[in-house]
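Below: the structure, in structure tokens.
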There are 2 protein chains.
Amino acid sequence: MGSTTLAYIAGFLDGDGSIFFQIIKRKDYLRKFQIRCSIAFYQKTRYAEILQWLKDYSGAGYIRHRKTGISDYTVVEPHEVGRILSLLLPYVRLKKKHAILGLQILQKLESAKSKEDFLKICKLVDKFGKINYSKKRTMTYKVVKDYFKNKSLPP
Amino acid sequence: MGSTTLAYIAGFLDGDGSIFFQIIKRKDYLRKFQIRCSIAFYQKTRYAEILQWLKDYSGAGYIRHRKTGISDYTVVEPHEVGRILSLLLPYVRLKKKHAILGLQILQKLESAKSKEDFLKICKLVDKFGKINYSKKRTMTYKVVKDYFKNKSLPP
């Protein structure tokens with residue numbers, strides 16, 4: 001991929017995009033929690049063509065058109081999020097910290113084997129929430145730790 | 001200037017920036033109207049550092065911090081707007097039409113000598129308003145043309 005195209009996408013992401021990492025309660029998961037990640041780009045629906053271009057270029061994710069007149073292009077598959085963050089890392093500025101920490105979380109997720117490993121990742125997700133100034137987070141490291149303490153789950 | 005840096009700035013502008021051309025009534029102007037142009041970049045005030053970087057990089061314009069928690073970095077000097085548009089032109093995507101038409105207007109402004117020349121530029125500014133989906137424009141080619149018809153101004 002061309003470096004100026006990647007730099008352009010990094011600028012677009014810094015200008016009005018977002019990177020998220022969250023802990024989500026999932027009854028159907030072995031450890032009852034999922035680490036959810038996403039990269040999203042936003043634009044007025046009338047200019048949604050640029051989101052389609054981004055989607056075609058990256059080859060992953062989906063586009064949603066909201067009733068508010070805003071559309072978004074979002075990628076949630078962890079390996080795709082990781083691939084995109086790696087490609088944009090040399091060019092992002094405002095979200096450099098987010099990209100580095102996000103890649104760290106994704107890397108640890110791949111090799112996580114125990115509840116302890118998972119808890120360490122939850123701590124990093126808490127850290128991510130802080131650099132993202134997230135205010136509404138209720139699912140935190142502490143919640144998962146307390147849950148693990150009280151439930152008998154596989155190690 | 002590095003091509004990846006310019007591509008990054010173009011992406012930032014496409015993501016959440018704006019390019020404006022407007023006709024403004026100015027009593028102190030020879031022709032009583034001014035063509036005002038601007039390039040602006042927006043960001044939450046907590047991330048205003050990136051706007052400062054843009055300002056330092058381009059060497060023009062000013063930063064404002066609004067009470068809404070949003071800051072903007074704006075350039076209004078025509079020759080600086082022209083310089084920045086020329087530099088970003090190869091990399092902008094969403095605002096390519098805006099950049100091309102903007103440069104055309106600035107070029108014509110420099111060589112405009114007569115009221116007729118100025119009116120032609122006003123027509124281009126109307127066109128700019130259309131590609132920008134501007135709804136509140138009251139100062140248009142027609143207003144200027146009617147004004148010129150009724151007042152005795154220098155040719």
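Simple scheme: letters A, B, ... for chains in structure tokens order, numbers from 1 for residues in each chain, numbers from 1 for ligands in the order shown.
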**OP:** Enumerate the residues of segment 15-124 of chain A with a DSSP assignment of strand (DSSP E or B), computed from the backbone, and present them as a ChimeraX atom specification.
**Re:** /A:17-25,33-44,62-65,70-75
Subject >> In segment 78-119 of chain B, DSSP helix (DSSP H, G or I) residues written as a ChimeraX atom specification >> reply: /B:78-88,96-111,115-119
Original post:
For chain A against chain B, which residues fall within 12 Å using only C-alpha atoms, given as a PyMOL selection string?
Top reply: chain A and resi 2-18+40-44+46-54+72+88+90-96+131-133
What would you get as a short mmCIF file (atom, residue, chain, number, x, y, z; two decimals) with C-alpha atoms, in the first residue's frame if chain B were moved onto chain A by least squares over all of its C-alpha atoms in order?
```
data_model
loop_
_atom_site.label_atom_id
_atom_site.label_comp_id
_atom_site.auth_asym_id
_atom_site.auth_seq_id
_atom_site.Cartn_x
_atom_site.Cartn_y
_atom_site.Cartn_z
CA MET B 1 -0.01 0.02 -0.04
CA GLY B 2 1.26 3.50 -0.88
CA SER B 3 2.69 5.51 1.99
CA THR B 4 0.82 8.70 1.03
CA THR B 5 -2.48 6.78 0.98
CA LEU B 6 -1.79 5.36 4.44
CA ALA B 7 -0.75 8.82 5.68
CA TYR B 8 -4.00 10.22 4.24
CA ILE B 9 -6.06 7.57 6.06
CA ALA B 10 -4.13 8.27 9.29
CA GLY B 11 -4.97 11.97 8.95
CA PHE B 12 -8.62 11.11 8.30
CA LEU B 13 -8.66 8.93 11.43
CA ASP B 14 -6.99 11.62 13.53
CA GLY B 15 -9.35 14.28 12.18
CA ASP B 16 -12.63 12.57 12.95
CA GLY B 17 -12.19 8.87 13.61
CA SER B 18 -12.06 6.71 16.69
CA ILE B 19 -10.31 3.68 18.14
CA PHE B 20 -12.11 1.80 20.90
CA PHE B 21 -11.30 -1.07 23.23
CA GLN B 22 -13.99 -2.22 25.65
CA ILE B 23 -14.76 -5.09 28.00
CA ILE B 24 -18.14 -6.63 27.18
CA LYS B 25 -20.14 -9.16 29.22
CA ARG B 26 -20.79 -12.26 27.11
CA LYS B 27 -22.73 -15.18 28.55
CA ASP B 28 -21.70 -17.43 25.67
CA TYR B 29 -17.96 -16.85 26.18
CA LEU B 30 -15.75 -19.24 28.09
CA ARG B 31 -14.52 -16.46 30.38
CA LYS B 32 -17.87 -14.61 30.22
CA PHE B 33 -16.19 -11.44 28.98
CA GLN B 34 -15.02 -10.30 25.56
CA ILE B 35 -12.51 -7.61 24.68
CA ARG B 36 -14.16 -5.70 21.87
CA CYS B 37 -12.13 -3.44 19.61
CA SER B 38 -13.10 -1.11 16.81
CA ILE B 39 -11.73 1.47 14.41
CA ALA B 40 -14.33 3.83 13.02
CA PHE B 41 -14.40 6.64 10.48
CA TYR B 42 -17.32 9.08 10.31
CA GLN B 43 -18.66 11.33 7.62
CA LYS B 44 -21.88 13.01 6.53
CA THR B 45 -23.96 10.49 4.58
CA ARG B 46 -23.84 12.74 1.51
CA TYR B 47 -20.07 12.20 1.46
CA ALA B 48 -20.28 8.48 2.30
CA GLU B 49 -18.44 7.68 -0.93
CA ILE B 50 -15.17 8.33 0.91
CA LEU B 51 -16.14 5.70 3.49
CA GLN B 52 -16.82 3.25 0.67
CA TRP B 53 -13.37 4.02 -0.73
CA LEU B 54 -11.82 3.35 2.70
CA LYS B 55 -13.74 0.06 2.95
CA ASP B 56 -12.68 -1.04 -0.54
CA TYR B 57 -9.10 -0.05 0.21
CA SER B 58 -8.87 -1.91 3.50
CA GLY B 59 -11.03 -4.85 2.42
CA ALA B 60 -12.68 -5.23 5.85
CA GLY B 61 -15.49 -3.79 7.98
CA TYR B 62 -18.93 -2.39 7.21
CA ILE B 63 -20.68 0.92 6.57
CA ARG B 64 -23.78 2.14 8.41
CA HIS B 65 -25.95 5.10 7.47
CA ARG B 66 -27.62 6.65 10.50
CA LYS B 67 -30.84 8.63 10.57
CA THR B 68 -28.87 11.62 11.85
CA GLY B 69 -27.31 12.07 8.40
CA ILE B 70 -23.99 10.69 9.61
CA SER B 71 -22.49 7.49 8.25
CA ASP B 72 -19.71 5.43 9.70
CA TYR B 73 -17.27 2.87 8.43
CA THR B 74 -16.34 0.48 11.22
CA VAL B 75 -13.95 -2.44 11.54
CA VAL B 76 -14.30 -4.79 14.53
CA GLU B 77 -12.53 -8.02 13.57
CA PRO B 78 -9.48 -8.08 15.89
CA HIS B 79 -7.00 -9.27 13.25
CA GLU B 80 -8.24 -6.61 10.81
CA VAL B 81 -8.11 -3.89 13.48
CA GLY B 82 -4.55 -5.04 14.24
CA ARG B 83 -3.57 -5.02 10.58
CA ILE B 84 -4.98 -1.51 10.05
CA LEU B 85 -3.39 -0.13 13.24
CA SER B 86 0.00 -1.56 12.21
CA LEU B 87 -0.27 0.03 8.77
CA LEU B 88 -1.31 3.44 10.14
CA LEU B 89 1.06 3.48 13.12
CA PRO B 90 3.93 5.29 11.33
CA TYR B 91 1.58 8.10 10.26
CA VAL B 92 -0.94 8.72 13.05
CA ARG B 93 -0.14 11.63 15.33
CA LEU B 94 -3.08 12.46 17.58
CA LYS B 95 -3.95 8.79 18.07
CA LYS B 96 -0.40 7.43 18.25
CA LYS B 97 -0.79 6.39 21.91
CA HIS B 98 -4.10 4.70 21.08
CA ALA B 99 -2.57 2.75 18.21
CA ILE B 100 0.42 1.57 20.27
CA LEU B 101 -1.69 0.49 23.24
CA GLY B 102 -4.30 -1.07 20.96
CA LEU B 103 -1.67 -3.18 19.21
CA GLN B 104 -0.29 -4.23 22.59
CA ILE B 105 -3.76 -5.38 23.73
CA LEU B 106 -4.38 -7.32 20.50
CA GLN B 107 -1.00 -9.02 20.74
CA LYS B 108 -1.60 -10.07 24.34
CA LEU B 109 -5.11 -11.29 23.46
CA GLU B 110 -3.69 -13.68 20.88
CA SER B 111 -1.38 -15.34 23.36
CA ALA B 112 -3.63 -15.12 26.46
CA LYS B 113 -4.09 -18.51 28.07
CA SER B 114 -5.14 -18.02 31.68
CA LYS B 115 -7.58 -15.91 33.64
CA GLU B 116 -4.55 -14.03 34.94
CA ASP B 117 -3.51 -13.22 31.37
CA PHE B 118 -7.03 -12.00 30.63
CA LEU B 119 -7.07 -9.82 33.74
CA LYS B 120 -3.80 -8.19 32.69
CA ILE B 121 -5.42 -7.35 29.37
CA CYS B 122 -8.44 -5.87 31.17
CA LYS B 123 -6.03 -3.56 32.98
CA LEU B 124 -4.68 -2.36 29.62
CA VAL B 125 -8.25 -1.82 28.40
CA ASP B 126 -8.86 0.36 31.48
CA LYS B 127 -5.77 2.34 30.49
CA PHE B 128 -7.15 2.65 26.97
CA GLY B 129 -10.39 4.05 28.38
CA LYS B 130 -8.36 6.69 30.18
CA ILE B 131 -6.40 7.90 27.16
CA ASN B 132 -9.74 7.93 25.27
CA TYR B 133 -11.41 10.03 28.01
CA SER B 134 -14.24 7.46 28.16
CA LYS B 135 -16.66 8.42 30.90
CA LYS B 136 -19.40 5.81 30.71
CA ARG B 137 -17.29 2.70 31.17
CA THR B 138 -18.85 0.34 33.72
CA MET B 139 -17.06 -2.85 32.66
CA THR B 140 -13.59 -2.53 34.10
CA TYR B 141 -10.69 -4.67 35.28
CA LYS B 142 -12.18 -4.56 38.78
CA VAL B 143 -15.56 -5.88 37.65
CA VAL B 144 -13.94 -8.79 35.81
CA LYS B 145 -11.58 -9.53 38.71
CA ASP B 146 -14.48 -9.62 41.20
CA TYR B 147 -16.49 -11.82 38.85
CA PHE B 148 -13.60 -14.26 38.46
CA LYS B 149 -13.19 -14.35 42.25
CA ASN B 150 -16.82 -15.27 42.87
CA LYS B 151 -17.47 -17.70 40.03
CA SER B 152 -15.86 -20.99 39.37
CA LEU B 153 -14.58 -20.67 35.84
CA PRO B 154 -11.88 -22.63 34.01
CA PRO B 155 -8.35 -21.35 34.89
#
```
